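Visitor: Provided below: my_file34.txt, containing compact mmCIF, C-alpha atoms.
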```txt
# COMPACT_ATOMS: atom_id res chain seq x y z
CA MET A 324 -4.11 24.97 -32.48
CA LYS A 325 -5.62 26.79 -29.55
CA HIS A 326 -4.07 26.02 -26.17
CA TYR A 327 -5.42 26.80 -22.74
CA ARG A 328 -3.72 28.33 -19.75
CA ARG A 329 -0.84 26.29 -18.31
CA LEU A 330 -1.61 24.73 -14.95
CA LEU A 331 0.74 23.89 -12.11
CA PHE A 332 1.37 20.15 -11.80
CA LEU A 333 0.88 19.04 -8.22
CA PRO A 334 1.54 15.28 -7.92
CA PHE A 335 -0.13 13.33 -5.16
CA VAL A 336 -0.69 9.77 -3.97
CA LEU A 337 -4.13 8.44 -4.89
CA THR A 338 -4.35 5.43 -2.62
CA GLY A 339 -3.17 4.62 0.87
CA CYS A 340 -2.98 8.29 1.86
CA ALA A 341 -2.76 9.45 5.44
CA THR A 342 -5.28 12.12 6.43
CA THR A 343 -2.89 14.98 5.72
CA ASP A 344 -1.89 13.52 2.36
CA MET A 345 -5.52 12.99 1.36
CA GLN A 346 -6.37 16.59 2.18
CA GLY A 347 -3.44 17.70 0.06
CA ALA A 348 -4.73 15.54 -2.78
CA LEU A 349 -8.18 17.05 -2.45
CA ASP A 350 -6.78 20.57 -2.45
CA SER A 351 -4.66 19.79 -5.50
CA LEU A 352 -7.55 18.32 -7.46
CA ASN A 353 -9.86 21.14 -6.39
CA GLY A 354 -7.42 23.70 -7.73
CA LEU A 355 -6.96 21.71 -10.93
CA GLY A 356 -10.69 21.52 -11.54
CA GLN A 357 -11.28 25.20 -10.91
CA SER A 358 -8.37 26.26 -13.11
CA ILE A 359 -9.27 24.01 -16.02
CA GLY A 360 -12.93 24.90 -15.69
CA THR A 361 -12.19 28.61 -15.79
CA SER A 362 -9.99 28.33 -18.87
CA LEU A 363 -12.54 26.22 -20.76
CA ALA A 364 -15.73 27.99 -19.72
CA GLN A 365 -16.17 29.89 -22.98
CA ALA A 366 -14.86 27.25 -25.37
CA ALA A 367 -17.77 24.84 -25.83
CA THR A 368 -20.42 25.31 -28.49
CA PRO A 369 -23.42 23.09 -29.31
CA ALA A 370 -22.29 22.82 -32.92
CA SER A 371 -18.83 21.54 -32.05
CA ALA A 372 -20.31 18.98 -29.65
CA ALA A 373 -22.70 17.67 -32.31
CA ASN A 374 -19.94 17.43 -34.91
CA ARG A 375 -17.85 15.16 -32.67
CA ASN A 376 -20.63 12.70 -31.77
CA SER A 377 -20.44 14.04 -28.25
CA LEU A 378 -22.01 12.45 -25.20
CA LEU A 379 -23.79 15.78 -24.73
CA GLY A 380 -25.94 15.12 -27.79
CA THR A 381 -27.24 11.75 -26.56
CA PRO A 382 -29.78 10.56 -23.96
CA LEU A 383 -26.80 9.73 -21.73
CA HIS A 384 -26.59 13.41 -20.80
CA ASN A 385 -28.26 13.76 -17.37
CA ALA A 386 -29.70 10.24 -17.72
CA LEU A 387 -29.44 9.46 -13.99
CA ARG A 388 -31.49 12.54 -13.15
CA GLN A 389 -34.48 11.02 -14.93
CA ASN A 390 -35.10 8.84 -11.86
CA LEU A 391 -34.18 10.51 -8.58
CA SER A 392 -34.56 9.01 -5.12
CA THR A 393 -37.82 9.71 -3.33
CA ASP A 394 -37.12 7.79 -0.11
CA GLY A 395 -33.39 8.17 0.56
CA ARG A 396 -32.55 4.91 -1.17
CA ALA A 397 -30.64 4.77 -4.44
CA PRO A 398 -32.70 3.95 -7.56
CA GLU A 399 -31.59 0.90 -9.57
CA TRP A 400 -32.31 2.44 -12.98
CA PRO A 401 -31.25 3.85 -15.33
CA LYS A 402 -27.60 2.77 -15.51
CA VAL A 403 -24.73 4.05 -17.65
CA VAL A 404 -21.81 1.83 -18.64
CA ILE A 405 -18.71 3.16 -20.40
CA SER A 406 -16.63 0.66 -22.40
CA ASN A 407 -13.69 0.60 -24.83
CA LEU A 408 -12.39 3.86 -23.36
CA GLN A 409 -9.66 5.45 -25.48
CA ILE A 410 -7.39 7.98 -23.77
CA PRO A 411 -5.05 10.46 -25.54
CA ALA A 412 -1.59 8.90 -25.42
CA ASP A 413 0.16 11.96 -24.04
CA GLN A 414 -2.21 12.05 -21.05
CA MET A 415 -0.60 8.79 -19.94
CA THR A 416 2.87 10.27 -19.42
CA LEU A 417 4.17 12.00 -16.31
CA THR A 418 6.15 14.46 -18.42
CA ARG A 419 3.18 16.29 -19.91
CA SER A 420 2.10 19.48 -18.17
CA LEU A 421 -1.53 19.88 -17.17
CA THR A 422 -2.44 21.93 -20.22
CA LEU A 423 -5.65 21.00 -22.01
CA LYS A 424 -6.12 21.54 -25.74
CA ALA A 425 -9.44 21.66 -27.54
CA SER A 426 -8.40 18.43 -29.27
CA ASP A 427 -7.98 16.57 -25.94
CA CYS A 428 -10.81 14.07 -26.38
CA ILE A 429 -11.58 10.73 -24.82
CA ARG A 430 -13.56 8.28 -26.96
CA PHE A 431 -15.74 5.40 -25.86
CA ASP A 432 -18.80 3.24 -26.38
CA ALA A 433 -21.66 3.29 -23.89
CA VAL A 434 -24.82 1.50 -22.85
CA LEU A 435 -27.80 3.20 -21.24
CA TRP A 436 -29.91 0.66 -19.34
CA HIS A 437 -33.43 2.04 -19.02
CA ASP A 438 -34.32 -1.14 -17.11
CA ALA A 439 -33.14 -4.76 -17.00
CA LYS A 440 -34.45 -5.54 -20.49
CA ARG A 441 -34.03 -2.24 -22.36
CA PRO A 442 -30.44 -1.35 -23.22
CA GLU A 443 -29.71 1.54 -25.58
CA ARG A 444 -26.24 1.32 -27.14
CA PHE A 445 -23.98 4.10 -28.40
CA SER A 446 -20.75 3.75 -30.39
CA ASN A 447 -17.73 5.98 -30.90
CA LEU A 448 -18.80 8.79 -28.58
CA SER A 449 -16.45 11.53 -27.46
CA LEU A 450 -15.94 13.99 -24.64
CA CYS A 451 -13.53 16.82 -25.41
CA ALA A 452 -11.85 19.41 -23.23
CA PRO A 453 -14.13 22.35 -24.16
CA GLU A 454 -17.16 20.32 -22.99
CA LEU A 455 -15.87 19.58 -19.49
CA PRO A 456 -17.94 21.16 -16.70
CA LYS A 457 -16.51 24.06 -14.75
CA GLN A 458 -16.31 22.41 -11.35
CA SER A 459 -14.21 20.73 -8.71
CA ASN A 460 -13.86 16.97 -9.17
CA ASN A 461 -12.36 16.12 -5.79
CA PHE A 462 -15.35 13.85 -5.05
CA VAL A 463 -13.82 11.27 -7.43
CA LEU A 464 -11.16 10.34 -4.86
CA THR A 465 -13.86 9.19 -2.45
CA TRP A 466 -16.18 7.76 -5.12
CA LYS A 467 -13.56 5.45 -6.61
CA SER A 468 -12.29 4.18 -3.26
CA PHE A 469 -15.49 2.24 -2.43
CA SER A 470 -16.73 -0.89 -4.18
CA ILE A 471 -20.24 -1.18 -5.60
CA SER A 472 -22.83 -2.25 -3.04
CA GLY A 473 -25.43 -4.99 -3.38
CA LYS A 474 -25.44 -7.79 -5.95
CA THR A 475 -22.52 -7.62 -8.39
CA SER A 476 -20.84 -9.80 -11.00
CA GLY A 477 -17.65 -9.82 -8.95
CA GLN A 478 -14.46 -9.55 -11.00
CA VAL A 479 -16.33 -10.21 -14.26
CA ARG A 480 -16.73 -6.85 -16.01
CA SER A 481 -19.52 -6.59 -18.56
CA ASP A 482 -21.84 -4.03 -20.16
CA GLY A 483 -24.47 -4.86 -17.54
CA PRO A 484 -27.08 -4.78 -16.38
CA ILE A 485 -25.47 -6.24 -13.23
CA PRO A 486 -22.51 -4.07 -12.18
CA PRO A 487 -19.07 -5.45 -11.33
CA TYR A 488 -17.55 -5.24 -7.87
CA SER A 489 -15.35 -2.22 -8.68
CA LYS A 490 -16.35 0.97 -10.48
CA LEU A 491 -13.13 1.28 -12.48
CA PRO A 492 -11.07 -1.43 -14.20
CA SER A 493 -7.97 -2.74 -12.43
CA ASP A 494 -5.70 -1.77 -15.27
CA PRO A 495 -2.19 -0.22 -15.21
CA ALA A 496 -3.31 2.26 -17.87
CA MET A 497 -6.21 3.42 -15.70
CA GLU A 498 -3.88 3.85 -12.73
CA ARG A 499 -1.44 5.94 -14.78
CA TRP A 500 -4.27 8.13 -16.08
CA LEU A 501 -5.56 8.73 -12.57
CA MET A 502 -2.07 9.41 -11.24
CA ASN A 503 -1.57 12.07 -13.91
CA GLN A 504 -4.77 13.79 -12.67
CA PHE A 505 -6.23 13.94 -16.18
CA GLY A 506 -8.14 10.75 -15.37
CA LEU A 507 -9.63 12.16 -12.19
CA TYR A 508 -10.86 15.21 -14.05
CA TYR A 509 -12.36 13.31 -16.99
CA VAL A 510 -13.98 10.62 -14.79
CA GLY A 511 -15.48 13.33 -12.59
CA SER A 512 -16.78 15.12 -15.68
CA LEU A 513 -18.34 11.92 -17.03
CA LEU A 514 -20.09 11.31 -13.72
CA THR A 515 -21.41 14.86 -13.62
CA LEU A 516 -22.59 14.87 -17.23
CA VAL A 517 -24.59 11.63 -16.88
CA GLY A 518 -26.30 13.13 -13.84
CA TYR A 519 -24.52 11.66 -10.81
CA ASP A 520 -25.00 13.64 -7.58
CA PRO A 521 -21.76 13.52 -5.53
CA ASN A 522 -23.71 14.42 -2.40
CA PHE A 523 -25.88 11.29 -2.72
CA THR A 524 -23.12 8.74 -2.26
CA VAL A 525 -25.41 5.71 -1.80
CA ASP A 526 -26.13 5.96 -5.54
CA ASP A 527 -23.22 3.68 -6.44
CA ARG A 528 -24.74 1.06 -8.77
CA ARG A 529 -25.63 3.16 -11.80
CA PHE A 530 -22.28 4.08 -13.39
CA TRP A 531 -19.09 2.17 -14.08
CA ILE A 532 -16.29 2.02 -16.64
CA ARG A 533 -15.96 -1.47 -18.04
CA ASN A 534 -12.55 -1.34 -19.71
CA ILE A 535 -9.85 0.66 -21.44
CA LYS A 536 -9.35 -0.21 -25.08
CA GLY A 537 -5.85 -1.54 -25.61
```
Give the structure from this file in structure tokens form.

Guide:
Amino acid sequence: MKHYRRLLFLPFVLTGCATTDMQGALDSLNGLGQSIGTSLAQAATPASAANRNSLLGTPLHNALRQNLSTDGRAPEWPKVVISNLQIPADQMTLTRSLTLKASDCIRFDAVLWHDAKRPERFSNLSLCAPELPKQSNNFVLTWKSFSISGKTSGQVRSDGPIPPYSKLPSDPAMERWLMNQFGLYYVGSLLTLVGYDPNFTVDDRRFWIRNIKG
């Protein structure tokens, strides 16, 4: 099995950071993203993505870019909801080094809301390491720290169309995945691939992860 270049593990605190600690976290994640991105840049092929029922072969890819803001306000549609997220078991342990294999895939179901009455559902999708964008994902630390604005369903998490209060589930498994840094990289990649613009932070109602599949 093909392995990619070993990366230095730089642990950091994800919540409650002082300014210096947060900058260290950003620097760590920035280095992680650049290193992983460089090692995976030549690995992805359209054929392999299609064979795995990849997100890249669905209308979810760049869906949010189909309706961009024209007045500085965030559009309400379309929306992307990820549910039943399945994470590789060894990404949940603190003992694994930050080495990605081609077989490192997350799996999930998804709903693309074109508008309030037109959901398009997808089952058993995947996103694998060779398909991850070559980029920094340090924007995830800021993105996840703010709740969703406007009308929400509160603590009730559903497939939409009304988003919940928080973008990510309050789940110990999610916290472990984020702490291990794999989660930050995959969540950032999901956001990028569905078309989220990290520089347009008011666009906070069109993507959330409903749950992790137990």

Visitor: Of the residues A:Leu455, A:Val510, A:Ala425, A:Leu464, which is the one nearest to Ile405 of chain A, using all atoms listed in the file?

Guide: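 Closest candidate: A:Val510.
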
Visitor: Which residues of segment 458-524 of chain A come within 12 Å of segment 439-447 of chain A, and for each one, what is the closest pair of atoms and their distance in Å to one decimal, counting all atoms listed in the file, sorted by chain and residue number, as JSON lines?

Guide:
```
{"residue": "A:Asp482", "atom": "CA", "partner": "A:Pro442", "partner_atom": "CA", "distance": 9.5}
{"residue": "A:Gly483", "atom": "CA", "partner": "A:Ala439", "partner_atom": "CA", "distance": 8.7}
{"residue": "A:Pro484", "atom": "CA", "partner": "A:Ala439", "partner_atom": "CA", "distance": 6.1}
{"residue": "A:Ile485", "atom": "CA", "partner": "A:Ala439", "partner_atom": "CA", "distance": 8.7}
{"residue": "A:Pro486", "atom": "CA", "partner": "A:Ala439", "partner_atom": "CA", "distance": 11.7}
```

Visitor: In Å, how far is it from atom CA of Asn460 of chain A to atom CA of Trp436 of chain A?

Guide: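 Rounded to one decimal, the two atoms are 25.0 Å apart.
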
Visitor: Hey, can you pull every residue with an atom no more than 7 Å from (-15.1, 7.1, -27.2), using all atoms listed in the file, and send it as a ChimeraX atom specification?

Guide: /A:408-409,429-432,447-449

Visitor: Calculated over all atoms listed in the file, which of the candidates A:Thr381, A:Asn390, A:Thr418, A:Asn461 has the smallest distance to Gly506 of chain A?

Guide: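 Checking each candidate against Gly506 of chain A, we get A:Asn461 as the closest.
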
Visitor: At what distance in Å, to one decimal, does atom CA of Ser512 of chain A lie from atom CA of Cys451 of chain A?

Guide: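 Those two atoms sit 10.4 Å apart.
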
Visitor: With distances taken over only C-alpha atoms, which residue among A:Leu387, A:Ala433, A:Leu378, A:Val463 lies nearest Gln504 of chain A?

Guide: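 Smallest separation from Gln504 of chain A among the options: A:Val463.
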
Visitor: What's the 8 Å shell around Phe505 of chain A, counting only C-alpha atoms, without same-chain residues fewer than 5 positions away, as a CSV table (one decimal) with C-alpha atoms, in the coordinates of the input?

Guide:
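Result saved to out22.csv:
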```csv
chain,number,residue,atom,x,y,z
A,414,GLN,CA,-2.2,12.0,-21.0
A,421,LEU,CA,-1.5,19.9,-17.2
A,500,TRP,CA,-4.3,8.1,-16.1
```

Visitor: In Å, rounded to a single decimal, give me how far atom CA of Lys490 of chain A is from atom CA of Lys467 of chain A.

Guide: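 Computing it gives 6.5 Å between the two atoms.
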
Visitor: Point out the residue among A:Ser426, A:Thr515, A:Asn385, A:Ser392 with the least atom-to-atom distance to Gln458 of chain A, counting only C-alpha atoms.

Guide: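 Among the listed residues, the smallest separation from Gln458 of chain A belongs to A:Thr515.
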
Visitor: Out of A:Gly518, A:Leu491, A:Arg533, A:Trp466, which residue has the shortest atom-to-atom distance to Pro382 of chain A when counting all atoms listed in the file?

Guide: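 Ranking A:Gly518, A:Leu491, A:Arg533, A:Trp466 by distance to Pro382 of chain A, first place goes to A:Gly518.
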
Visitor: Please write N, CA and C atoms of segment 423-472 of chain A, from the structure given just now, as a PDB file, in the first residue's frame.

Guide:
```pdb
ATOM      1  N   LEU A 423      -0.830  10.194   5.916  1.00  0.00           N
ATOM      2  CA  LEU A 423      -2.034   9.826   5.188  1.00  0.00           C
ATOM      3  C   LEU A 423      -1.731   8.757   4.151  1.00  0.00           C
ATOM      4  N   LYS A 424      -2.635   7.771   4.072  1.00  0.00           N
ATOM      5  CA  LYS A 424      -2.564   6.725   3.067  1.00  0.00           C
ATOM      6  C   LYS A 424      -3.659   6.972   2.033  1.00  0.00           C
ATOM      7  N   ALA A 425      -3.480   6.426   0.855  1.00  0.00           N
ATOM      8  CA  ALA A 425      -4.507   6.585  -0.180  1.00  0.00           C
ATOM      9  C   ALA A 425      -5.840   6.008   0.270  1.00  0.00           C
ATOM     10  N   SER A 426      -5.796   5.040   1.179  1.00  0.00           N
ATOM     11  CA  SER A 426      -7.021   4.393   1.661  1.00  0.00           C
ATOM     12  C   SER A 426      -7.672   5.143   2.814  1.00  0.00           C
ATOM     13  N   ASP A 427      -7.112   6.276   3.231  1.00  0.00           N
ATOM     14  CA  ASP A 427      -7.710   7.083   4.302  1.00  0.00           C
ATOM     15  C   ASP A 427      -8.927   7.818   3.751  1.00  0.00           C
ATOM     16  N   CYS A 428     -10.097   7.237   3.943  1.00  0.00           N
ATOM     17  CA  CYS A 428     -11.334   7.799   3.395  1.00  0.00           C
ATOM     18  C   CYS A 428     -12.348   8.032   4.509  1.00  0.00           C
ATOM     19  N   ILE A 429     -13.021   9.162   4.454  1.00  0.00           N
ATOM     20  CA  ILE A 429     -14.217   9.341   5.267  1.00  0.00           C
ATOM     21  C   ILE A 429     -15.414   9.003   4.384  1.00  0.00           C
ATOM     22  N   ARG A 430     -16.488   8.520   5.015  1.00  0.00           N
ATOM     23  CA  ARG A 430     -17.699   8.160   4.272  1.00  0.00           C
ATOM     24  C   ARG A 430     -18.890   8.835   4.933  1.00  0.00           C
ATOM     25  N   PHE A 431     -19.896   9.145   4.139  1.00  0.00           N
ATOM     26  CA  PHE A 431     -21.001   9.938   4.668  1.00  0.00           C
ATOM     27  C   PHE A 431     -22.167   9.950   3.687  1.00  0.00           C
ATOM     28  N   ASP A 432     -23.321  10.356   4.201  1.00  0.00           N
ATOM     29  CA  ASP A 432     -24.473  10.696   3.372  1.00  0.00           C
ATOM     30  C   ASP A 432     -24.544  12.222   3.300  1.00  0.00           C
ATOM     31  N   ALA A 433     -25.305  12.735   2.359  1.00  0.00           N
ATOM     32  CA  ALA A 433     -25.396  14.189   2.222  1.00  0.00           C
ATOM     33  C   ALA A 433     -26.730  14.586   1.613  1.00  0.00           C
ATOM     34  N   VAL A 434     -27.122  15.822   1.897  1.00  0.00           N
ATOM     35  CA  VAL A 434     -28.303  16.418   1.274  1.00  0.00           C
ATOM     36  C   VAL A 434     -27.897  17.762   0.689  1.00  0.00           C
ATOM     37  N   LEU A 435     -28.267  17.976  -0.553  1.00  0.00           N
ATOM     38  CA  LEU A 435     -28.076  19.268  -1.210  1.00  0.00           C
ATOM     39  C   LEU A 435     -29.447  19.922  -1.334  1.00  0.00           C
ATOM     40  N   TRP A 436     -29.642  21.012  -0.585  1.00  0.00           N
ATOM     41  CA  TRP A 436     -30.902  21.752  -0.637  1.00  0.00           C
ATOM     42  C   TRP A 436     -30.785  22.842  -1.699  1.00  0.00           C
ATOM     43  N   HIS A 437     -31.473  22.648  -2.822  1.00  0.00           N
ATOM     44  CA  HIS A 437     -31.476  23.674  -3.867  1.00  0.00           C
ATOM     45  C   HIS A 437     -32.318  24.869  -3.425  1.00  0.00           C
ATOM     46  N   ASP A 438     -33.401  24.584  -2.705  1.00  0.00           N
ATOM     47  CA  ASP A 438     -34.218  25.591  -2.036  1.00  0.00           C
ATOM     48  C   ASP A 438     -35.000  24.861  -0.948  1.00  0.00           C
ATOM     49  N   ALA A 439     -35.946  25.543  -0.310  1.00  0.00           N
ATOM     50  CA  ALA A 439     -36.628  24.969   0.854  1.00  0.00           C
ATOM     51  C   ALA A 439     -37.452  23.728   0.537  1.00  0.00           C
ATOM     52  N   LYS A 440     -37.781  23.506  -0.723  1.00  0.00           N
ATOM     53  CA  LYS A 440     -38.636  22.374  -1.082  1.00  0.00           C
ATOM     54  C   LYS A 440     -37.971  21.383  -2.030  1.00  0.00           C
ATOM     55  N   ARG A 441     -36.693  21.582  -2.336  1.00  0.00           N
ATOM     56  CA  ARG A 441     -36.033  20.704  -3.313  1.00  0.00           C
ATOM     57  C   ARG A 441     -34.730  20.133  -2.761  1.00  0.00           C
ATOM     58  N   PRO A 442     -34.840  19.074  -1.946  1.00  0.00           N
ATOM     59  CA  PRO A 442     -33.626  18.398  -1.481  1.00  0.00           C
ATOM     60  C   PRO A 442     -33.178  17.333  -2.486  1.00  0.00           C
ATOM     61  N   GLU A 443     -31.877  17.190  -2.636  1.00  0.00           N
ATOM     62  CA  GLU A 443     -31.293  16.125  -3.452  1.00  0.00           C
ATOM     63  C   GLU A 443     -30.392  15.312  -2.529  1.00  0.00           C
ATOM     64  N   ARG A 444     -30.692  14.019  -2.393  1.00  0.00           N
ATOM     65  CA  ARG A 444     -30.024  13.191  -1.391  1.00  0.00           C
ATOM     66  C   ARG A 444     -28.982  12.271  -2.030  1.00  0.00           C
ATOM     67  N   PHE A 445     -27.895  12.063  -1.285  1.00  0.00           N
ATOM     68  CA  PHE A 445     -26.794  11.218  -1.731  1.00  0.00           C
ATOM     69  C   PHE A 445     -26.429  10.261  -0.598  1.00  0.00           C
ATOM     70  N   SER A 446     -26.145   9.011  -0.953  1.00  0.00           N
ATOM     71  CA  SER A 446     -25.829   8.000   0.055  1.00  0.00           C
ATOM     72  C   SER A 446     -24.455   7.399  -0.195  1.00  0.00           C
ATOM     73  N   ASN A 447     -23.792   7.063   0.909  1.00  0.00           N
ATOM     74  CA  ASN A 447     -22.526   6.331   0.871  1.00  0.00           C
ATOM     75  C   ASN A 447     -21.482   7.013  -0.015  1.00  0.00           C
ATOM     76  N   LEU A 448     -21.314   8.307   0.189  1.00  0.00           N
ATOM     77  CA  LEU A 448     -20.263   9.039  -0.517  1.00  0.00           C
ATOM     78  C   LEU A 448     -18.940   8.875   0.221  1.00  0.00           C
ATOM     79  N   SER A 449     -17.863   9.252  -0.449  1.00  0.00           N
ATOM     80  CA  SER A 449     -16.546   9.171   0.178  1.00  0.00           C
ATOM     81  C   SER A 449     -15.709  10.387  -0.186  1.00  0.00           C
ATOM     82  N   LEU A 450     -14.722  10.643   0.647  1.00  0.00           N
ATOM     83  CA  LEU A 450     -13.671  11.614   0.337  1.00  0.00           C
ATOM     84  C   LEU A 450     -12.379  11.008   0.856  1.00  0.00           C
ATOM     85  N   CYS A 451     -11.455  10.729  -0.064  1.00  0.00           N
ATOM     86  CA  CYS A 451     -10.228  10.016   0.274  1.00  0.00           C
ATOM     87  C   CYS A 451      -9.017  10.941   0.186  1.00  0.00           C
ATOM     88  N   ALA A 452      -7.955  10.535   0.849  1.00  0.00           N
ATOM     89  CA  ALA A 452      -6.771  11.379   0.979  1.00  0.00           C
ATOM     90  C   ALA A 452      -6.250  11.936  -0.344  1.00  0.00           C
ATOM     91  N   PRO A 453      -6.180  11.149  -1.421  1.00  0.00           N
ATOM     92  CA  PRO A 453      -5.650  11.719  -2.667  1.00  0.00           C
ATOM     93  C   PRO A 453      -6.508  12.830  -3.263  1.00  0.00           C
ATOM     94  N   GLU A 454      -7.755  12.975  -2.792  1.00  0.00           N
ATOM     95  CA  GLU A 454      -8.662  13.985  -3.340  1.00  0.00           C
ATOM     96  C   GLU A 454      -8.654  15.286  -2.539  1.00  0.00           C
ATOM     97  N   LEU A 455      -7.921  15.324  -1.437  1.00  0.00           N
ATOM     98  CA  LEU A 455      -7.933  16.512  -0.590  1.00  0.00           C
ATOM     99  C   LEU A 455      -7.201  17.660  -1.274  1.00  0.00           C
ATOM    100  N   PRO A 456      -7.761  18.866  -1.221  1.00  0.00           N
ATOM    101  CA  PRO A 456      -7.116  20.011  -1.869  1.00  0.00           C
ATOM    102  C   PRO A 456      -5.759  20.328  -1.251  1.00  0.00           C
ATOM    103  N   LYS A 457      -4.875  20.827  -2.077  1.00  0.00           N
ATOM    104  CA  LYS A 457      -3.569  21.290  -1.610  1.00  0.00           C
ATOM    105  C   LYS A 457      -3.745  22.713  -1.091  1.00  0.00           C
ATOM    106  N   GLN A 458      -3.868  22.853   0.220  1.00  0.00           N
ATOM    107  CA  GLN A 458      -4.183  24.158   0.787  1.00  0.00           C
ATOM    108  C   GLN A 458      -3.942  24.159   2.288  1.00  0.00           C
ATOM    109  N   SER A 459      -3.949  25.345   2.848  1.00  0.00           N
ATOM    110  CA  SER A 459      -4.000  25.500   4.296  1.00  0.00           C
ATOM    111  C   SER A 459      -5.457  25.440   4.734  1.00  0.00           C
ATOM    112  N   ASN A 460      -5.706  24.810   5.879  1.00  0.00           N
ATOM    113  CA  ASN A 460      -7.065  24.725   6.416  1.00  0.00           C
ATOM    114  C   ASN A 460      -7.183  25.426   7.760  1.00  0.00           C
ATOM    115  N   ASN A 461      -6.310  26.395   8.026  1.00  0.00           N
ATOM    116  CA  ASN A 461      -6.348  27.040   9.338  1.00  0.00           C
ATOM    117  C   ASN A 461      -7.616  27.855   9.558  1.00  0.00           C
ATOM    118  N   PHE A 462      -8.370  28.152   8.491  1.00  0.00           N
ATOM    119  CA  PHE A 462      -9.625  28.891   8.650  1.00  0.00           C
ATOM    120  C   PHE A 462     -10.657  28.098   9.446  1.00  0.00           C
ATOM    121  N   VAL A 463     -10.497  26.775   9.537  1.00  0.00           N
ATOM    122  CA  VAL A 463     -11.478  25.942  10.242  1.00  0.00           C
ATOM    123  C   VAL A 463     -11.537  26.299  11.725  1.00  0.00           C
ATOM    124  N   LEU A 464     -10.411  26.672  12.309  1.00  0.00           N
ATOM    125  CA  LEU A 464     -10.395  27.020  13.730  1.00  0.00           C
ATOM    126  C   LEU A 464     -11.329  28.180  14.026  1.00  0.00           C
ATOM    127  N   THR A 465     -11.345  29.171  13.146  1.00  0.00           N
ATOM    128  CA  THR A 465     -12.257  30.303  13.318  1.00  0.00           C
ATOM    129  C   THR A 465     -13.678  29.917  12.936  1.00  0.00           C
ATOM    130  N   TRP A 466     -13.833  29.217  11.815  1.00  0.00           N
ATOM    131  CA  TRP A 466     -15.161  28.846  11.313  1.00  0.00           C
ATOM    132  C   TRP A 466     -15.951  28.067  12.353  1.00  0.00           C
ATOM    133  N   LYS A 467     -15.325  27.100  13.000  1.00  0.00           N
ATOM    134  CA  LYS A 467     -16.058  26.229  13.914  1.00  0.00           C
ATOM    135  C   LYS A 467     -16.359  26.888  15.256  1.00  0.00           C
ATOM    136  N   SER A 468     -15.669  27.981  15.559  1.00  0.00           N
ATOM    137  CA  SER A 468     -15.817  28.595  16.879  1.00  0.00           C
ATOM    138  C   SER A 468     -17.054  29.483  16.993  1.00  0.00           C
ATOM    139  N   PHE A 469     -17.713  29.790  15.870  1.00  0.00           N
ATOM    140  CA  PHE A 469     -18.902  30.639  15.893  1.00  0.00           C
ATOM    141  C   PHE A 469     -20.146  29.823  15.564  1.00  0.00           C
ATOM    142  N   SER A 470     -21.236  30.115  16.258  1.00  0.00           N
ATOM    143  CA  SER A 470     -22.500  29.437  15.984  1.00  0.00           C
ATOM    144  C   SER A 470     -23.113  29.975  14.695  1.00  0.00           C
ATOM    145  N   ILE A 471     -24.128  29.284  14.200  1.00  0.00           N
ATOM    146  CA  ILE A 471     -24.815  29.696  12.979  1.00  0.00           C
ATOM    147  C   ILE A 471     -25.744  30.869  13.289  1.00  0.00           C
ATOM    148  N   SER A 472     -25.719  31.870  12.449  1.00  0.00           N
ATOM    149  CA  SER A 472     -26.525  33.070  12.673  1.00  0.00           C
ATOM    150  C   SER A 472     -27.954  32.880  12.159  1.00  0.00           C
TER     151      SER A 472
END
```
